[in-house]
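K.L.:
This is protein.csv (CSV, C-alpha atoms and all ligand atoms).
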chain,number,residue,atom,x,y,z
D,298,MET,CA,-11.8,-1.9,8.9
D,299,ILE,CA,-8.7,0.1,8.3
D,300,SER,CA,-7.2,-0.5,4.8
D,301,PHE,CA,-3.6,-1.8,4.3
D,302,SER,CA,-2.9,1.4,2.4
D,303,ALA,CA,-4.0,3.5,5.4
D,304,LYS,CA,-1.9,1.4,7.7
D,305,VAL,CA,1.2,1.8,5.6
D,306,LYS,CA,0.6,5.6,5.4
D,307,SER,CA,0.1,5.9,9.2
D,308,GLU,CA,3.4,4.1,9.7
D,309,LEU,CA,5.2,6.3,7.2
D,310,ALA,CA,3.6,9.4,8.6
D,311,GLY,CA,5.2,8.5,11.9
D,312,ILE,CA,8.7,8.6,10.5
D,313,LEU,CA,10.4,12.0,10.9
D,314,GLY,CA,13.9,12.1,9.6
D,315,ASN,CA,16.8,13.3,11.8
D,316,HIS,CA,18.4,15.4,9.1
D,317,LYS,CA,17.2,18.6,7.7
D,318,HIS,CA,18.2,17.5,4.2
D,319,CYS,CA,16.0,14.4,4.5
D,320,ARG,CA,13.0,16.4,5.8
D,321,LYS,CA,13.4,18.9,3.0
D,322,ALA,CA,13.5,16.1,0.4
D,323,GLU,CA,10.4,14.5,1.9
D,324,ILE,CA,8.3,17.7,2.2
D,325,THR,CA,9.2,18.9,-1.3
D,326,GLY,CA,8.3,15.4,-2.6
D,327,MET,CA,5.0,15.6,-0.8
D,328,PHE,CA,4.3,19.1,-1.9
D,329,GLN,CA,5.4,18.9,-5.5
D,330,TYR,CA,3.4,15.8,-6.1
D,331,GLY,CA,0.4,16.3,-3.9
D,332,GLY,CA,0.4,19.8,-2.6
D,333,GLN,CA,-2.7,22.0,-2.9
D,334,LEU,CA,-3.3,25.7,-2.9
D,335,GLY,CA,-6.6,27.2,-2.3
D,336,ARG,CA,-8.1,30.7,-2.1
D,337,VAL,CA,-10.2,31.1,0.9
D,338,GLU,CA,-11.3,34.6,0.1
D,339,ARG,CA,-9.7,37.8,-1.2
D,340,ASP,CA,-6.1,38.0,-0.2
D,341,CYS,CA,-6.5,34.9,1.9
D,342,TYR,CA,-5.0,31.6,0.8
D,343,ALA,CA,-4.5,28.2,2.3
D,344,VAL,CA,-1.9,25.6,1.7
D,345,GLY,CA,-2.6,21.9,2.1
D,346,PHE,CA,-2.4,18.4,0.8
D,347,HIS,CA,-5.0,16.4,-0.9
D,348,THR,CA,-5.4,13.4,1.4
D,349,GLU,CA,-8.1,11.5,3.3
D,350,ASN,CA,-5.6,10.6,5.9
D,351,ALA,CA,-5.4,12.9,8.9
D,352,GLU,CA,-1.9,11.6,9.9
D,353,VAL,CA,-0.5,12.4,6.5
D,354,LEU,CA,-2.0,15.9,6.7
D,355,LYS,CA,-0.5,16.4,10.1
D,356,LYS,CA,2.9,15.2,8.9
D,357,GLY,CA,2.8,17.6,6.0
D,358,PHE,CA,2.1,20.6,8.3
D,359,THR,CA,4.7,19.5,10.8
D,360,LEU,CA,7.4,19.2,8.1
D,361,LEU,CA,6.5,22.6,6.6
D,362,ARG,CA,6.8,24.2,10.1
D,363,LYS,CA,10.0,22.4,11.0
D,364,THR,CA,11.7,22.9,7.6
D,365,PHE,CA,10.4,26.3,6.5
D,366,ASN,CA,9.0,27.8,9.6
D,367,ILE,CA,5.7,28.1,7.9
D,368,ASP,CA,2.5,27.8,9.9
D,369,THR,CA,0.1,26.4,7.4
D,370,ASP,CA,-2.7,26.1,9.9
D,371,LYS,CA,-3.1,29.8,9.4
D,372,ASN,CA,-4.2,31.3,6.1
D,373,LEU,CA,-1.7,33.3,4.1
D,374,SER,CA,-1.9,36.6,2.4
D,375,GLU,CA,-1.1,36.8,-1.3
D,376,GLN,CA,2.3,38.1,-0.5
D,377,GLN,CA,2.9,35.4,2.0
D,378,LEU,CA,1.7,32.8,-0.5
D,379,PHE,CA,4.1,34.0,-3.2
D,380,ALA,CA,6.9,34.0,-0.7
D,381,PHE,CA,6.0,30.4,0.3
D,382,LEU,CA,5.9,29.3,-3.3
D,383,GLU,CA,9.2,30.8,-4.1
D,384,GLN,CA,10.7,29.1,-1.0
D,385,MET,CA,9.2,25.8,-2.2
D,386,ASP,CA,10.6,26.2,-5.7
D,387,ALA,CA,14.0,26.9,-4.3
D,388,ALA,CA,13.7,23.9,-1.9
D,389,TRP,CA,12.7,21.7,-4.8
D,390,ALA,CA,15.7,22.8,-6.9
D,391,GLU,CA,17.9,22.1,-3.9
D,392,SER,CA,16.2,18.8,-3.1
D,393,LEU,CA,16.6,17.6,-6.6
D,394,GLU,CA,20.3,17.7,-6.1
D,395,HIS,CA,20.2,16.1,-2.6
D,396,VAL,CA,17.7,13.5,-3.8
D,397,ALA,CA,19.9,12.6,-6.7
D,398,ASN,CA,23.0,12.3,-4.6
D,399,ARG,CA,22.1,11.0,-1.2
D,400,SER,CA,20.4,7.7,-0.6
D,401,CYS,CA,18.9,9.0,2.7
D,402,CYS,CA,17.2,11.9,0.9
D,403,LYS,CA,16.1,9.6,-2.0
D,404,ARG,CA,14.3,7.4,0.5
D,405,ALA,CA,12.7,10.4,2.2
D,406,PHE,CA,11.6,11.8,-1.2
D,407,ILE,CA,10.0,8.5,-2.3
D,408,ARG,CA,8.2,8.3,1.1
D,409,GLY,CA,6.9,11.8,0.7
D,410,VAL,CA,5.6,11.2,-2.7
D,411,PHE,CA,3.9,8.0,-1.6
D,412,LEU,CA,2.3,9.8,1.3
D,413,ALA,CA,0.9,12.4,-1.1
D,414,VAL,CA,-0.2,10.4,-4.1
D,415,GLY,CA,0.5,6.7,-3.4
D,416,SER,CA,-1.6,3.7,-2.5
D,417,ILE,CA,-1.2,0.0,-2.0
D,418,SER,CA,-3.8,-2.7,-2.3
D,419,ASP,CA,-4.6,-5.2,0.4
D,420,PRO,CA,-2.1,-8.0,-0.1
D,421,GLU,CA,-4.7,-10.6,0.7
D,422,LYS,CA,-6.4,-9.5,-2.6
D,423,GLY,CA,-3.3,-9.0,-4.7
D,424,TYR,CA,-0.1,-7.1,-5.1
D,425,HIS,CA,-0.4,-3.5,-6.4
D,426,LEU,CA,1.3,-0.3,-5.4
D,427,GLU,CA,0.9,2.9,-7.3
D,428,PHE,CA,1.7,6.6,-7.4
D,429,VAL,CA,-0.7,8.9,-9.3
D,430,CYS,CA,1.4,11.6,-10.9
D,431,GLU,CA,0.2,14.9,-12.4
D,432,ASP,CA,2.4,14.7,-15.5
D,433,GLU,CA,4.9,12.7,-17.4
D,434,GLU,CA,7.9,14.6,-16.1
D,435,GLN,CA,6.9,13.8,-12.5
D,436,ALA,CA,6.4,10.2,-13.3
D,437,ARG,CA,9.7,10.0,-15.1
D,438,PHE,CA,11.6,11.6,-12.2
D,439,LEU,CA,10.0,9.3,-9.6
D,440,ARG,CA,10.7,6.2,-11.7
D,441,SER,CA,14.3,7.1,-12.1
D,442,MET,CA,14.7,7.6,-8.4
D,443,ILE,CA,13.0,4.3,-7.6
D,444,ALA,CA,15.2,2.6,-10.2
D,445,THR,CA,18.4,3.6,-8.4
D,446,PHE,CA,17.3,1.0,-5.8
D,447,ASP,CA,17.0,-1.7,-8.5
D,448,ILE,CA,13.3,-1.6,-8.4
D,449,GLU,CA,11.5,-1.6,-11.8
D,450,THR,CA,8.3,0.3,-12.1
D,451,ARG,CA,5.8,0.6,-15.0
D,452,VAL,CA,3.7,3.5,-16.0
D,453,LEU,CA,0.3,3.9,-17.6
D,454,GLU,CA,-1.9,6.9,-18.5
D,455,ARG,CA,-5.2,7.0,-16.6
D,456,LYS,CA,-7.6,9.9,-16.8
D,457,GLU,CA,-4.9,12.4,-17.8
D,458,HIS,CA,-2.7,11.2,-15.0
D,459,TYR,CA,0.5,9.2,-15.2
D,460,VAL,CA,0.3,6.2,-12.8
D,461,VAL,CA,3.6,4.7,-11.8
D,462,TYR,CA,3.0,1.2,-10.5
D,463,LEU,CA,4.5,-2.0,-9.2
D,464,LYS,CA,2.8,-5.4,-9.5
D,465,GLU,CA,5.1,-7.9,-8.0
D,466,GLY,CA,5.1,-8.9,-4.3
D,467,THR,CA,8.9,-8.9,-4.2
D,468,SER,CA,9.4,-5.4,-5.6
D,469,ILE,CA,6.6,-4.1,-3.4
D,470,VAL,CA,8.5,-5.5,-0.4
D,471,ASP,CA,11.7,-3.8,-1.7
D,472,LEU,CA,10.0,-0.5,-2.1
D,473,LEU,CA,8.4,-0.7,1.4
D,474,ASN,CA,11.9,-1.3,2.6
D,475,VAL,CA,13.2,1.8,0.7
D,476,MET,CA,10.5,3.9,2.4
D,477,GLU,CA,11.4,2.3,5.7
D,478,ALA,CA,7.9,1.0,6.4
D,479,HIS,CA,9.2,-2.0,8.4
D,480,VAL,CA,6.0,-3.0,10.1
D,481,ALA,CA,4.0,-3.1,6.9
D,482,LEU,CA,6.9,-4.9,5.2
D,483,MET,CA,6.8,-7.7,7.9
D,484,GLU,CA,3.1,-8.0,7.6
D,485,LEU,CA,3.3,-8.3,3.8
D,486,GLU,CA,6.1,-10.8,4.0
D,487,ASN,CA,4.2,-13.0,6.5
D,488,LEU,CA,1.2,-13.0,4.3
D,489,ARG,CA,3.3,-13.8,1.3
D,490,ILE,CA,4.9,-16.8,3.1
D,491,LEU,CA,1.5,-17.9,4.4
D,492,LYS,CA,0.0,-17.7,1.0
D,493,GLU,CA,2.9,-19.7,-0.5
D,494,MET,CA,2.7,-22.4,2.2
D,495,ARG,CA,-1.1,-22.7,1.7
D,496,ASN,CA,-0.5,-23.1,-2.1
D,497,THR,CA,2.1,-25.8,-1.5
D,498,VAL,CA,-0.1,-27.7,1.0
D,499,ASN,CA,-3.0,-27.5,-1.4
D,500,ARG,CA,-0.9,-28.7,-4.3
D,501,ARG,CA,0.4,-31.6,-2.2
D,502,VAL,CA,-3.1,-32.6,-1.0
D,503,ASN,CA,-4.5,-32.5,-4.6
D,504,CYS,CA,-1.6,-34.6,-5.8
D,505,GLU,CA,-2.1,-37.2,-3.0
D,506,THR,CA,-5.8,-37.3,-3.6
D,507,ALA,CA,-5.2,-37.8,-7.3
D,508,ASN,CA,-2.8,-40.7,-6.6
D,509,ILE,CA,-5.1,-42.4,-4.2
D,510,ASN,CA,-8.0,-42.1,-6.7
D,511,LYS,CA,-5.7,-43.6,-9.4
D,512,THR,CA,-4.9,-46.6,-7.2
D,513,VAL,CA,-8.5,-47.1,-6.1
D,514,ASN,CA,-9.7,-46.9,-9.7
D,515,ALA,CA,-7.1,-49.3,-11.0
D,516,ALA,CA,-7.9,-51.8,-8.2
D,517,ALA,CA,-11.6,-51.6,-8.9
D,518,LYS,CA,-11.0,-52.2,-12.6
D,519,GLN,CA,-8.9,-55.3,-11.7
D,520,VAL,CA,-11.5,-56.8,-9.4
D,521,GLU,CA,-14.1,-56.2,-12.1
D,522,ASP,CA,-12.0,-58.0,-14.7
D,523,ILE,CA,-11.4,-60.9,-12.3
D,524,LEU,CA,-15.1,-61.3,-11.5
D,525,TYR,CA,-15.9,-61.2,-15.3
D,526,ILE,CA,-13.5,-64.0,-15.9
D,527,GLU,CA,-14.9,-66.0,-12.9
D,528,GLU,CA,-18.4,-65.5,-14.3
D,529,HIS,CA,-17.8,-66.4,-17.9
D,530,LYS,CA,-14.9,-68.9,-17.8
D,531,GLY,CA,-14.1,-69.6,-14.2
D,532,LEU,CA,-10.8,-68.6,-12.6
D,533,VAL,CA,-9.5,-72.1,-13.0
D,534,SER,CA,-9.2,-71.3,-16.7
D,535,LEU,CA,-6.3,-69.1,-15.8
D,536,PRO,CA,-2.7,-70.4,-15.7
D,537,ASP,CA,-1.5,-71.1,-12.1
D,538,THR,CA,0.4,-67.8,-11.6
D,539,LEU,CA,-2.5,-65.7,-12.8
D,540,TYR,CA,-5.0,-67.8,-10.9
D,541,GLU,CA,-3.1,-67.1,-7.7
D,542,MET,CA,-2.8,-63.5,-8.6
D,543,ALA,CA,-6.5,-63.1,-9.2
D,544,ARG,CA,-7.3,-64.8,-5.8
D,545,VAL,CA,-5.0,-62.6,-3.9
D,546,ARG,CA,-6.4,-59.4,-5.6
D,547,LEU,CA,-10.0,-60.5,-4.8
D,548,ASP,CA,-9.1,-61.1,-1.2
D,549,ASN,CA,-7.2,-57.8,-0.9
D,550,PRO,CA,-9.1,-55.2,-3.0
D,551,ASP,CA,-7.4,-52.3,-1.1
D,552,ALA,CA,-3.8,-53.5,-1.2
D,553,THR,CA,-1.2,-51.7,-3.2
D,554,LEU,CA,0.8,-53.6,-5.9
D,555,LYS,CA,3.8,-53.9,-3.5
D,556,GLU,CA,1.6,-55.4,-0.8
D,557,LEU,CA,0.0,-57.8,-3.2
D,558,GLY,CA,3.5,-59.0,-4.2
D,559,GLU,CA,4.4,-59.7,-0.6
D,560,ILE,CA,1.3,-61.8,-0.1
D,561,LEU,CA,2.1,-64.0,-3.1
D,562,VAL,CA,4.1,-67.2,-2.4
D,563,PRO,CA,6.9,-66.9,-3.4
D,564,PRO,CA,6.8,-63.1,-3.2
D,565,VAL,CA,6.9,-61.1,-6.4
D,566,GLY,CA,8.1,-57.6,-7.1
D,567,LYS,CA,5.8,-54.6,-7.9
D,568,SER,CA,6.5,-54.8,-11.6
D,569,GLY,CA,5.8,-58.6,-11.6
D,570,VAL,CA,2.5,-58.0,-10.0
D,571,ASN,CA,1.7,-55.2,-12.4
D,572,HIS,CA,2.6,-57.6,-15.3
D,573,ARG,CA,0.3,-60.3,-14.1
D,574,LEU,CA,-2.7,-58.0,-13.4
D,575,ARG,CA,-2.3,-56.6,-16.9
D,576,LYS,CA,-2.4,-60.1,-18.4
D,577,ILE,CA,-5.6,-60.8,-16.4
D,578,SER,CA,-7.2,-57.6,-17.7
D,579,GLU,CA,-6.2,-58.4,-21.3
D,580,TYR,CA,-7.8,-61.8,-20.9
D,581,ALA,CA,-11.0,-60.3,-19.6
D,582,ASP,CA,-11.0,-57.8,-22.4
D,583,LYS,CA,-10.7,-60.6,-25.0
D,584,LEU,CA,-13.5,-62.5,-23.3
D,585,ARG,CA,-15.7,-59.4,-23.5
D,586,ASP,CA,-14.9,-59.0,-27.2
D,587,ARG,CA,-15.4,-62.7,-27.8
D,588,GLU,CA,-11.9,-63.0,-29.2
D,589,PRO,CA,-10.3,-66.4,-29.0
D,590,VAL,CA,-7.7,-66.7,-26.2
D,591,ARG,CA,-4.6,-68.8,-26.3
D,592,LEU,CA,-3.9,-69.6,-22.7
D,593,ASP,CA,-0.2,-70.2,-23.3
D,594,GLU,CA,0.0,-66.5,-24.4
D,595,LEU,CA,-1.2,-65.5,-21.1
D,596,ASP,CA,1.8,-66.6,-19.1
O,601,ZN,ZN,19.2,13.1,3.6
Please, can you express the file's structure as structure tokens?

P.N.:
Amino acid sequence: MISFSAKVKSELAGILGNHKHCRKAEITGMFQYGGQLGRVERDCYAVGFHTENAEVLKKGFTLLRKTFNIDTDKNLSEQQLFAFLEQMDAAWAESLEHVANRSCCKRAFIRGVFLAVGSISDPEKGYHLEFVCEDEEQARFLRSMIATFDIETRVLERKEHYVVYLKEGTSIVDLLNVMEAHVALMELENLRILKEMRNTVNRRVNCETANINKTVNAAAKQVEDILYIEEHKGLVSLPDTLYEMARVRLDNPDATLKELGEILVPPVGKSGVNHRLRKISEYADKLRDREPVRLDELD
């Protein structure tokens, strides 16, 4: 199955900015953070990107060609390589200015860096988005750019790399929006809403079950107390109001307090029913403990 990270990258790889300044910002972001140089053989070099994603690689090459007229599919001579690196350095310097001053270029830059060194976890499993930067300076610059969109990031050192990361669903959504990954954003939002709804429903079900159990347990205890009195003293030992209450409860073991009150003649409110049932239970408890009971206290 294709990972969420790969999906996001495919979507981002499909975005090609209309303006040259944005393309420059994106490719320099990609190259500065994730570019690779390799020597194929003597006087023969290759430029590329360290990625497992073919679409990302293709985008990198397309941007290099469109922006700098460099055909990176071909190998470069040492002279060509130096020229290329000089060009990239100049572009980086220029981009820094654009990136700092234009929102469009800033978005493109962050997108480029994410394509090169970013990843995002499957939102079903948890929220985590990160950029693995080579050094502290790269991490600091990236964080300051992301911060201009009011998104806070954190950083940690991992195996000599500086990992800039986000852990909150809402800020990840914000960052996807900054990078213009609208499809992924919708998917993540839907999941988030679904998850929240599921939690709410579960909470409510748990709460209702707990209430039902409480009612059932209380009623079972009342019936038990009444039967104990019946067995040891007889219900007739109860004052009239309690006798009637006990009979109604025995006949309606499943009824709520409110329903019991309505059955009584004359009807009694919920708190009245509760009061009488409590008196009956106290009476039963005293019988169990063989304590003397004064019946006039019961009423
Ligand atoms: Zn721009």

K.L.:
With 7 Å as the cut-off and only C-alpha atoms and all ligand atoms counted, what is the closest atom pair between each nearby residue of chain D and ligand ZN 601 (chain O)? Distances in Å to one decimal, ordered by chain and number, as JSON lines.

P.N.:
{"residue": "D:His316", "atom": "CA", "partner": "O:ZN601", "partner_atom": "ZN", "distance": 6.0}
{"residue": "D:His318", "atom": "CA", "partner": "O:ZN601", "partner_atom": "ZN", "distance": 4.6}
{"residue": "D:Cys319", "atom": "CA", "partner": "O:ZN601", "partner_atom": "ZN", "distance": 3.6}
{"residue": "D:His395", "atom": "CA", "partner": "O:ZN601", "partner_atom": "ZN", "distance": 7.0}
{"residue": "D:Arg399", "atom": "CA", "partner": "O:ZN601", "partner_atom": "ZN", "distance": 6.0}
{"residue": "D:Ser400", "atom": "CA", "partner": "O:ZN601", "partner_atom": "ZN", "distance": 6.9}
{"residue": "D:Cys401", "atom": "CA", "partner": "O:ZN601", "partner_atom": "ZN", "distance": 4.2}
{"residue": "D:Cys402", "atom": "CA", "partner": "O:ZN601", "partner_atom": "ZN", "distance": 3.6}

K.L.:
Could you pull the residues within 12 Å of D:Glu375, counting all atoms listed in the file, minus those fewer than 3 positions along the same chain, as a list in words?

P.N.:
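Close residues of D:Glu375: Leu334, Gly335, Arg336, Val337, Glu338, Arg339, Asp340, Cys341, Tyr342, Ala343, Val344, Asn372, Leu378, Phe379, Ala380, Phe381 and Leu382 of chain D.
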
K.L.:
Give me, as a tab-separated table, each residue of stretch 330-444 of chain D that comes within 9 Å of stretch 466-471 of chain D, together with its shortest interatomic pair and the distance in Å at one decimal, counting all atoms listed in the file, with rows ordered by chain and rising residue number.

P.N.:
residue	atom	partner	partner_atom	distance
D:Ile417	CA	D:Ile469	CA	8.9
D:Pro420	CA	D:Gly466	CA	8.4
D:Gly423	CA	D:Gly466	CA	8.4
D:Tyr424	CA	D:Gly466	CA	5.6
D:His425	CA	D:Ile469	CA	7.6
D:Leu426	CA	D:Ile469	CA	6.8

K.L.:
Using all atoms listed in the file, which residues sit within 12 Å of D:Pro550 once same-chain residues fewer than 2 positions away are excluded, as a PyMOL selection string?

P.N.:
chain D and resi 512-521+523+542-548+552-554+556-557

K.L.:
So that I have them on file, write out the residues from the current selection with C-alpha atoms, as a compact mmCIF listing (two decimals), in the coordinates of the input.

P.N.:
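Result file follows (again.txt):
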# COMPACT_ATOMS: atom_id res chain seq x y z
CA THR D 512 -4.90 -46.60 -7.20
CA VAL D 513 -8.50 -47.10 -6.10
CA ASN D 514 -9.70 -46.90 -9.70
CA ALA D 515 -7.10 -49.30 -11.00
CA ALA D 516 -7.90 -51.80 -8.20
CA ALA D 517 -11.60 -51.60 -8.90
CA LYS D 518 -11.00 -52.20 -12.60
CA GLN D 519 -8.90 -55.30 -11.70
CA VAL D 520 -11.50 -56.80 -9.40
CA GLU D 521 -14.10 -56.20 -12.10
CA ILE D 523 -11.40 -60.90 -12.30
CA MET D 542 -2.80 -63.50 -8.60
CA ALA D 543 -6.50 -63.10 -9.20
CA ARG D 544 -7.30 -64.80 -5.80
CA VAL D 545 -5.00 -62.60 -3.90
CA ARG D 546 -6.40 -59.40 -5.60
CA LEU D 547 -10.00 -60.50 -4.80
CA ASP D 548 -9.10 -61.10 -1.20
CA ALA D 552 -3.80 -53.50 -1.20
CA THR D 553 -1.20 -51.70 -3.20
CA LEU D 554 0.80 -53.60 -5.90
CA GLU D 556 1.60 -55.40 -0.80
CA LEU D 557 0.00 -57.80 -3.20

K.L.:
Would you work out the distance separating atom CA of D:Gly569 from atom CA of D:Asn549, expressed in Å to one decimal?

P.N.:
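Calculated distance between atom CA of D:Gly569 and atom CA of D:Asn549 is 16.9 Å.
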
K.L.:
Which is closer to D:Lys306 than all the others in D:Phe411, D:Phe365, D:Phe358, D:Trp389, using only C-alpha atoms?

P.N.:
D:Phe411

K.L.:
Could you work out how far atom CA of D:Glu383 lies from atom CA of D:Ala405, giving the answer in Å with one decimal?

P.N.:
21.6 Å

K.L.:
Taking all atoms listed in the file into account, which of D:Arg489, D:Lys583, D:His458, D:Arg501 comes nearest D:Asp419?

P.N.:
D:Arg489

K.L.:
What is the atom CA of D:Leu463-atom CA of D:Leu360 distance in Å, reported with one decimal?

P.N.:
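One can read the atom CA of D:Leu463 to atom CA of D:Leu360 distance as 27.5 Å.
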
K.L.:
With a distance cut-off of 8 Å and only C-alpha atoms, select the neighbouring residues of D:Gly357, excluding the residue or stretch itself and same-chain residues fewer than 2 positions from it, and output the selection as an MDAnalysis selection string.

P.N.:
chainID D and resid 324 327 345:346 353:355 359:361

K.L.:
Which is closer to D:Thr445 than all the others in D:Ala397, D:Val410, D:Ala478, D:Leu373, using all atoms listed in the file?

P.N.:
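So, comparing all the options, the nearest one is D:Ala397.
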
K.L.:
Find, counting only C-alpha atoms, the residue in D:Lys363, D:Lys555, D:His572, D:His529 that gets nearest to D:Arg587.

P.N.:
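Of D:Lys363, D:Lys555, D:His572, D:His529, the one nearest D:Arg587 is D:His529, counting only C-alpha atoms.
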
K.L.:
Output stretch 308-332 of chain D with N, CA and C atoms present, as a PDB file, keeping the file's coordinate frame.

P.N.:
ATOM      1  N   GLU D 308       2.060   4.424   9.250  1.00  0.00           N
ATOM      2  CA  GLU D 308       3.400   4.100   9.700  1.00  0.00           C
ATOM      3  C   GLU D 308       4.415   5.105   9.113  1.00  0.00           C
ATOM      4  N   LEU D 309       4.269   5.395   7.829  1.00  0.00           N
ATOM      5  CA  LEU D 309       5.200   6.300   7.200  1.00  0.00           C
ATOM      6  C   LEU D 309       5.046   7.749   7.719  1.00  0.00           C
ATOM      7  N   ALA D 310       3.814   8.086   8.100  1.00  0.00           N
ATOM      8  CA  ALA D 310       3.600   9.400   8.600  1.00  0.00           C
ATOM      9  C   ALA D 310       4.292   9.602   9.973  1.00  0.00           C
ATOM     10  N   GLY D 311       4.540   8.483  10.640  1.00  0.00           N
ATOM     11  CA  GLY D 311       5.200   8.500  11.900  1.00  0.00           C
ATOM     12  C   GLY D 311       6.709   8.682  11.866  1.00  0.00           C
ATOM     13  N   ILE D 312       7.260   8.553  10.672  1.00  0.00           N
ATOM     14  CA  ILE D 312       8.700   8.600  10.500  1.00  0.00           C
ATOM     15  C   ILE D 312       9.097  10.094  10.248  1.00  0.00           C
ATOM     16  N   LEU D 313       9.916  10.662  11.148  1.00  0.00           N
ATOM     17  CA  LEU D 313      10.400  12.000  10.900  1.00  0.00           C
ATOM     18  C   LEU D 313      11.912  11.950  10.870  1.00  0.00           C
ATOM     19  N   GLY D 314      12.472  12.210   9.715  1.00  0.00           N
ATOM     20  CA  GLY D 314      13.900  12.100   9.600  1.00  0.00           C
ATOM     21  C   GLY D 314      14.701  12.955  10.523  1.00  0.00           C
ATOM     22  N   ASN D 315      15.927  12.514  10.866  1.00  0.00           N
ATOM     23  CA  ASN D 315      16.800  13.300  11.800  1.00  0.00           C
ATOM     24  C   ASN D 315      17.431  14.462  11.131  1.00  0.00           C
ATOM     25  N   HIS D 316      17.662  14.318   9.822  1.00  0.00           N
ATOM     26  CA  HIS D 316      18.400  15.400   9.100  1.00  0.00           C
ATOM     27  C   HIS D 316      17.517  16.334   8.398  1.00  0.00           C
ATOM     28  N   LYS D 317      17.970  17.568   8.394  1.00  0.00           N
ATOM     29  CA  LYS D 317      17.200  18.600   7.700  1.00  0.00           C
ATOM     30  C   LYS D 317      17.113  18.311   6.215  1.00  0.00           C
ATOM     31  N   HIS D 318      18.208  17.781   5.650  1.00  0.00           N
ATOM     32  CA  HIS D 318      18.200  17.500   4.200  1.00  0.00           C
ATOM     33  C   HIS D 318      17.116  16.487   3.858  1.00  0.00           C
ATOM     34  N   CYS D 319      16.966  15.474   4.719  1.00  0.00           N
ATOM     35  CA  CYS D 319      16.000  14.400   4.500  1.00  0.00           C
ATOM     36  C   CYS D 319      14.549  15.005   4.592  1.00  0.00           C
ATOM     37  N   ARG D 320      14.366  15.811   5.621  1.00  0.00           N
ATOM     38  CA  ARG D 320      13.000  16.400   5.800  1.00  0.00           C
ATOM     39  C   ARG D 320      12.647  17.281   4.632  1.00  0.00           C
ATOM     40  N   LYS D 321      13.635  18.032   4.149  1.00  0.00           N
ATOM     41  CA  LYS D 321      13.400  18.900   3.000  1.00  0.00           C
ATOM     42  C   LYS D 321      13.005  18.041   1.783  1.00  0.00           C
ATOM     43  N   ALA D 322      13.747  16.979   1.594  1.00  0.00           N
ATOM     44  CA  ALA D 322      13.500  16.100   0.400  1.00  0.00           C
ATOM     45  C   ALA D 322      12.076  15.529   0.552  1.00  0.00           C
ATOM     46  N   GLU D 323      11.684  15.145   1.776  1.00  0.00           N
ATOM     47  CA  GLU D 323      10.400  14.500   1.900  1.00  0.00           C
ATOM     48  C   GLU D 323       9.244  15.528   1.743  1.00  0.00           C
ATOM     49  N   ILE D 324       9.368  16.707   2.337  1.00  0.00           N
ATOM     50  CA  ILE D 324       8.300  17.700   2.200  1.00  0.00           C
ATOM     51  C   ILE D 324       8.160  18.212   0.798  1.00  0.00           C
ATOM     52  N   THR D 325       9.299  18.372   0.123  1.00  0.00           N
ATOM     53  CA  THR D 325       9.200  18.900  -1.300  1.00  0.00           C
ATOM     54  C   THR D 325       8.573  17.767  -2.140  1.00  0.00           C
ATOM     55  N   GLY D 326       8.911  16.515  -1.864  1.00  0.00           N
ATOM     56  CA  GLY D 326       8.300  15.400  -2.600  1.00  0.00           C
ATOM     57  C   GLY D 326       6.772  15.429  -2.385  1.00  0.00           C
ATOM     58  N   MET D 327       6.395  15.575  -1.104  1.00  0.00           N
ATOM     59  CA  MET D 327       5.000  15.600  -0.800  1.00  0.00           C
ATOM     60  C   MET D 327       4.281  16.782  -1.459  1.00  0.00           C
ATOM     61  N   PHE D 328       4.943  17.935  -1.384  1.00  0.00           N
ATOM     62  CA  PHE D 328       4.300  19.100  -1.900  1.00  0.00           C
ATOM     63  C   PHE D 328       4.257  19.205  -3.411  1.00  0.00           C
ATOM     64  N   GLN D 329       5.381  18.877  -4.037  1.00  0.00           N
ATOM     65  CA  GLN D 329       5.400  18.900  -5.500  1.00  0.00           C
ATOM     66  C   GLN D 329       4.448  17.964  -6.140  1.00  0.00           C
ATOM     67  N   TYR D 330       4.292  16.798  -5.513  1.00  0.00           N
ATOM     68  CA  TYR D 330       3.400  15.800  -6.100  1.00  0.00           C
ATOM     69  C   TYR D 330       1.977  15.865  -5.636  1.00  0.00           C
ATOM     70  N   GLY D 331       1.786  16.343  -4.403  1.00  0.00           N
ATOM     71  CA  GLY D 331       0.400  16.300  -3.900  1.00  0.00           C
ATOM     72  C   GLY D 331      -0.024  17.543  -3.128  1.00  0.00           C
ATOM     73  N   GLY D 332       0.710  18.630  -3.290  1.00  0.00           N
ATOM     74  CA  GLY D 332       0.400  19.800  -2.600  1.00  0.00           C
ATOM     75  C   GLY D 332      -0.848  20.539  -3.198  1.00  0.00           C
TER      76      GLY D 332
END
